[in-house]
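Participant: The structure under discussion is supplied below as structure tokens; questions concerning it will follow.
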Amino acid sequence: MWSKIKKEKVSYFLLLPTFVIYTLFFIYPLIRAIFYSFYEYIGRNFVYVGLENYISLLQSKIFIKTIINTCLLCIGTVPIVLISSILIANYIARKRRKIRSLLMAMFYLPGVTSIVTICIAWKWIYHSKGILNYVINLAGIEGTNWLGNPKTALVSVMAVLIYICIGYPVILFTAAIGNIPLSLYEVAEIEGATYWQKLWYITLPLIKPTTFYLVVILTISTFRAFIYVILLTGGGPYYSSSVIASYLADVAFQYSKFGLASAIGVILLLIIVILTIIQYKFFRGEVEY
Amino acid sequence: MLIMIVTIIFLFPFYWMVVVSTQEGTGLYRAENILPREINLANYARLINMRYFLRWNFNSMFTSLTTVILTCIFCTMAGYVFAKKDIPGGNIIFWSLLITMTIPSQTLLVPLFILIKDLKMSNTYQGLILPSLVRPFGVFLMKQIISTIPNDFVDAAKIDGASEFQILRHVIVPLAKSGIIVLAIFTFISAYNDYFWQLIIISTPEMKTLPLAMAGLQEDEQCLNINFLMAGAVMASVPMIAIYIFLQRYFTQGITIGGIKG
């Protein structure tokens, strides 16, 4: 054992930077987060409070609301992103190379633009005197202050989230559909299959691995998404668009309740770990990472 | 037809932003101006003449590029070991790195913030760069890419008497180049966009990053000037869009490597 370790000392040296960075900026903070969740930051000191943070969170209506909002955001975003990106990809996969790469680049554009840019743009599109209301007023529909209305705030954030994260699935699906042999479709056409039949019986089964992979990735990323909420609505009005992660940021950096925030972080971590395990069990064997 | 509508909806926010930013700054927000009558760059001139404008650009570029360079070096080194070396404990380390990919960064927000404060790195470049060097995806990606390089190349170099560092530099890096570029692009995007961390770590105007400063225009403005704000929003993306256009062919390629194939 030791001789082998000695022989491979260059390898350990190569791992050293990664190891140091992980220990210092990942493992150590993770342990601290669990530790802090049993403490509260009172007057520049951490005071032991036991399980109080967790108890008060589970009794807090606001926190339960943020959990529900997070789930709604996920349930709303993931299916819409998947369905629309499959339809888009199905359309552009068979286009000429030039058009295909142009369209793929376009759908990926929001993902490579500064988040701040996208959010400022949408904030003013949604404004009560903004362009969105102007357009729907022309159609005779009464507009609203989209981000300032508790009924529409979460849905408005969801639309921006869909807008930003659709590019990645579009590109993956376009690549996956592009790999399906054309002969399969030609045979189906001879048999008189319709557009939807071809999509349902040929395309969907063959892009299953990509779909499952994206379900996992998109679920995790919508549970983590918080910067859009912070930039668009700040979680308001009345926590109607607040999600777990944005609430954490609020509690920590608006109210300096570092202990409570750490407890929220641990709960968020547990939720994501459970979701990952469930999805992994469910899709095992189907996904090739 | 449908794709045309989708395209228009998709590109509209960008178009709208550019149009509004080139209108005379009156503070009025006129939704009717979908087709601009004139183009006025006064808002951009005002932005560029702001006291710290160059500094903000520098801050963003310096912190993002340093993160990119260090991440690429460290991930290639680690990926090489995981792909080509059979070291005691190697598997355990690799899998524990992979598990960390699912851990949400928000969980670490408070302890990291306190740690950076204790290390006296608040409001410094180190404080921005060091925590963003944690890139489990990068190690994973580089391991996958380097695994596809045949062992014969490495062995041949060894027989010729090359040291491990020479093998890395002259065999691995050239053959894994496309993977490294992909990693560089993704790291750049996420380092540049690490908005919330920049927000809590930076406290003085001259240390702000470009997106942070541009988002700050919303608060600084006495009477909100939407045209000026939009010019700022456009400005915040200029470095990223430039890189996107420049390296566009690597993007789609990279996404597919990083996604499933890997």
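Residues in the structure tokens are named by chain (A, B, ... in the order shown) and by number from 1 within that chain; ligands are numbered from 1 in the order shown.
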Which residues are close to range 145-155 of chain B, i.e. within 10 Å by only C-alpha atoms, leaving aside same-chain residues fewer than 4 positions away? Reply as a PyMOL selection string.
Facilitator: chain B and resi 76+79-84+139-141+159-162+164+167-168+171-173+175-180+257-258+262
Participant: Report as number ranges by chain the set of chain B residues whose atoms approach chain A to within 8 Å, with distances computed over only C-alpha atoms.
Facilitator: B: 3, 10-11, 13-14, 16-17, 29, 31-32, 74-75, 77-78, 81, 85, 87-88, 102-108, 110-112, 115, 130-131, 133-134, 164, 189, 192-193, 195-196, 200, 211-212, 214-215, 230, 233-234, 236-237, 240-241, 244, 248, 252, 255-256, 259-262
Participant: Could you please take those selected residues and save C-alpha atoms as a short mmCIF file (atom, residue, chain, number, x, y, z; two decimals), in the first residue's frame?
Facilitator:
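Written output follows (again.cif):
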data_model
loop_
_atom_site.label_atom_id
_atom_site.label_comp_id
_atom_site.auth_asym_id
_atom_site.auth_seq_id
_atom_site.Cartn_x
_atom_site.Cartn_y
_atom_site.Cartn_z
CA ILE B 3 -41.48 28.42 -35.52
CA PHE B 10 -37.79 34.52 -28.29
CA LEU B 11 -35.81 37.35 -29.80
CA PRO B 13 -36.77 40.86 -25.37
CA PHE B 14 -33.35 41.41 -26.93
CA TRP B 16 -36.87 45.55 -27.24
CA MET B 17 -33.96 46.14 -24.92
CA TYR B 29 -41.64 54.55 -20.97
CA ALA B 31 -44.65 51.07 -25.31
CA GLU B 32 -45.75 52.48 -28.66
CA PHE B 74 -6.85 21.92 -11.90
CA CYS B 75 -9.64 19.90 -13.55
CA MET B 77 -4.77 17.54 -13.64
CA ALA B 78 -7.40 15.77 -11.55
CA VAL B 81 -5.30 11.09 -12.52
CA LYS B 85 -4.03 6.28 -12.82
CA ILE B 87 -4.23 5.08 -7.11
CA PRO B 88 -5.35 3.90 -3.67
CA THR B 102 -26.16 17.47 -6.42
CA ILE B 103 -25.54 19.66 -3.37
CA PRO B 104 -27.17 23.08 -3.86
CA SER B 105 -24.76 25.99 -3.60
CA GLN B 106 -27.26 27.88 -1.42
CA THR B 107 -26.66 25.43 1.42
CA LEU B 108 -23.06 26.61 1.54
CA VAL B 110 -23.85 31.26 4.86
CA PRO B 111 -20.78 29.25 5.96
CA LEU B 112 -18.84 30.36 2.88
CA LEU B 115 -15.42 31.83 6.06
CA LEU B 130 -11.58 31.05 -4.66
CA PRO B 131 -15.07 29.68 -3.85
CA LEU B 133 -13.07 27.14 -8.22
CA VAL B 134 -15.24 24.31 -6.86
CA GLU B 164 4.26 13.04 -15.90
CA ILE B 189 -20.63 31.67 -18.14
CA TYR B 192 -19.62 35.71 -14.87
CA ASN B 193 -23.20 35.02 -13.80
CA TYR B 195 -24.50 37.30 -9.32
CA PHE B 196 -25.61 36.60 -5.79
CA ILE B 200 -22.88 39.71 -0.91
CA PRO B 211 -23.53 42.87 -14.02
CA LEU B 212 -23.58 43.97 -10.39
CA MET B 214 -25.58 47.48 -14.10
CA ALA B 215 -28.20 45.94 -11.82
CA MET B 230 -31.73 49.21 -20.63
CA ALA B 233 -28.62 45.82 -19.21
CA VAL B 234 -27.32 45.50 -22.76
CA ALA B 236 -23.82 43.75 -18.90
CA SER B 237 -24.04 41.09 -21.60
CA MET B 240 -20.65 37.17 -22.88
CA ILE B 241 -22.26 37.71 -26.26
CA TYR B 244 -20.56 33.36 -27.58
CA GLN B 248 -20.12 29.51 -31.14
CA THR B 252 -23.38 23.04 -29.41
CA ILE B 255 -23.29 20.77 -24.74
CA THR B 256 -23.67 17.37 -26.33
CA GLY B 259 -24.69 16.13 -21.56
CA ILE B 260 -25.08 12.49 -22.38
CA LYS B 261 -22.26 11.21 -24.48
CA GLY B 262 -19.70 11.79 -21.75
#
Participant: Write down as a PyMOL selection string the residues belonging to range 39-101 of chain A that are assigned strand (DSSP E or B) by DSSP computed on the backbone.
Facilitator: chain A and resi 39-42+45-48
Participant: Hey, what's within 8 Å of Phe63 in chain A if we count only C-alpha atoms and toss same-chain stuff fewer than 5 positions away? As an MDAnalysis selection string, please?
Facilitator: chainID A and resid 57:58 244 247
Participant: Smallest atom-to-atom distance to Val6 in chain B: which of A:Pro205, A:Trp200, A:Leu275, A:Ser84, using only C-alpha atoms?
Facilitator: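 Ranked by minimum distance to Val6 in chain B, first place goes to A:Ser84.
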Participant: So which residues touch Gln126 in chain B within 12 Å, counting only C-alpha atoms, skipping near sequence neighbours fewer than 5 positions away, as number ranges by chain?
Facilitator: B: 59, 62-64, 66-67, 116-117, 119-121, 131-133, 198, 201-202, 207
Participant: If you keep N, CA and C atoms, can you produce a file of those selected residues as a PDB file, in the first residue's frame?
Facilitator:
ATOM      1  N   ASN B  59     -12.982  44.138 -13.671  1.00  0.00           N
ATOM      2  CA  ASN B  59     -13.291  43.242 -12.552  1.00  0.00           C
ATOM      3  C   ASN B  59     -13.978  41.970 -13.042  1.00  0.00           C
ATOM      4  N   PHE B  62     -11.445  39.951 -15.271  1.00  0.00           N
ATOM      5  CA  PHE B  62     -10.323  39.404 -14.499  1.00  0.00           C
ATOM      6  C   PHE B  62     -10.777  38.235 -13.629  1.00  0.00           C
ATOM      7  N   THR B  63     -11.871  38.422 -12.877  1.00  0.00           N
ATOM      8  CA  THR B  63     -12.290  37.335 -11.979  1.00  0.00           C
ATOM      9  C   THR B  63     -12.775  36.129 -12.778  1.00  0.00           C
ATOM     10  N   SER B  64     -13.544  36.368 -13.854  1.00  0.00           N
ATOM     11  CA  SER B  64     -14.045  35.223 -14.628  1.00  0.00           C
ATOM     12  C   SER B  64     -12.901  34.484 -15.308  1.00  0.00           C
ATOM     13  N   THR B  66      -9.648  34.438 -14.566  1.00  0.00           N
ATOM     14  CA  THR B  66      -8.791  33.736 -13.613  1.00  0.00           C
ATOM     15  C   THR B  66      -9.455  32.441 -13.177  1.00  0.00           C
ATOM     16  N   THR B  67     -10.763  32.514 -12.883  1.00  0.00           N
ATOM     17  CA  THR B  67     -11.485  31.301 -12.516  1.00  0.00           C
ATOM     18  C   THR B  67     -11.392  30.265 -13.628  1.00  0.00           C
ATOM     19  N   ILE B 116     -15.191  33.436   4.248  1.00  0.00           N
ATOM     20  CA  ILE B 116     -14.499  34.463   3.470  1.00  0.00           C
ATOM     21  C   ILE B 116     -14.290  35.716   4.328  1.00  0.00           C
ATOM     22  N   LYS B 117     -15.266  36.022   5.160  1.00  0.00           N
ATOM     23  CA  LYS B 117     -15.142  37.148   6.066  1.00  0.00           C
ATOM     24  C   LYS B 117     -14.001  36.923   7.058  1.00  0.00           C
ATOM     25  N   LEU B 119     -11.463  34.999   6.703  1.00  0.00           N
ATOM     26  CA  LEU B 119     -10.177  35.007   6.002  1.00  0.00           C
ATOM     27  C   LEU B 119      -9.811  36.419   5.549  1.00  0.00           C
ATOM     28  N   LYS B 120     -10.626  37.403   5.906  1.00  0.00           N
ATOM     29  CA  LYS B 120     -10.444  38.816   5.519  1.00  0.00           C
ATOM     30  C   LYS B 120     -10.419  38.986   4.004  1.00  0.00           C
ATOM     31  N   MET B 121     -11.260  38.217   3.324  1.00  0.00           N
ATOM     32  CA  MET B 121     -11.286  38.305   1.863  1.00  0.00           C
ATOM     33  C   MET B 121     -12.550  38.955   1.331  1.00  0.00           C
ATOM     34  N   PRO B 131     -13.948  30.619  -3.985  1.00  0.00           N
ATOM     35  CA  PRO B 131     -15.067  29.680  -3.850  1.00  0.00           C
ATOM     36  C   PRO B 131     -15.611  29.198  -5.190  1.00  0.00           C
ATOM     37  N   SER B 132     -15.391  29.973  -6.269  1.00  0.00           N
ATOM     38  CA  SER B 132     -15.962  29.532  -7.540  1.00  0.00           C
ATOM     39  C   SER B 132     -15.028  28.563  -8.271  1.00  0.00           C
ATOM     40  N   LEU B 133     -13.933  28.162  -7.606  1.00  0.00           N
ATOM     41  CA  LEU B 133     -13.068  27.140  -8.216  1.00  0.00           C
ATOM     42  C   LEU B 133     -13.613  25.732  -7.965  1.00  0.00           C
ATOM     43  N   GLN B 198     -21.414  37.653  -5.865  1.00  0.00           N
ATOM     44  CA  GLN B 198     -20.801  38.968  -6.076  1.00  0.00           C
ATOM     45  C   GLN B 198     -21.527  40.026  -5.243  1.00  0.00           C
ATOM     46  N   ILE B 201     -20.503  39.648  -1.472  1.00  0.00           N
ATOM     47  CA  ILE B 201     -19.080  39.775  -1.140  1.00  0.00           C
ATOM     48  C   ILE B 201     -18.567  41.196  -1.413  1.00  0.00           C
ATOM     49  N   ILE B 202     -19.086  41.835  -2.455  1.00  0.00           N
ATOM     50  CA  ILE B 202     -18.567  43.145  -2.860  1.00  0.00           C
ATOM     51  C   ILE B 202     -19.327  44.259  -2.142  1.00  0.00           C
ATOM     52  N   MET B 207     -15.135  47.942  -6.694  1.00  0.00           N
ATOM     53  CA  MET B 207     -14.912  46.496  -6.776  1.00  0.00           C
ATOM     54  C   MET B 207     -16.045  45.754  -7.475  1.00  0.00           C
TER      55      MET B 207
END
Participant: Run DSSP on the backbone and tell me which residues of range 23-268 of chain A come out as alpha helix (DSSP H); list them as a PyMOL selection string.
Facilitator: chain A and resi 28-36+52-59+61-92+97-108+115-125+131-138+153-165+167-178+182-190+195-198+204-206+208-224+227-232+244-253+258-268
Participant: Of the candidates A:Ser183, A:Ser128, A:Glu40, A:Thr219, which one gets nearest to Thr77 in chain A if we count only C-alpha atoms?
Facilitator: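 The closest residue to Thr77 in chain A is A:Thr219.
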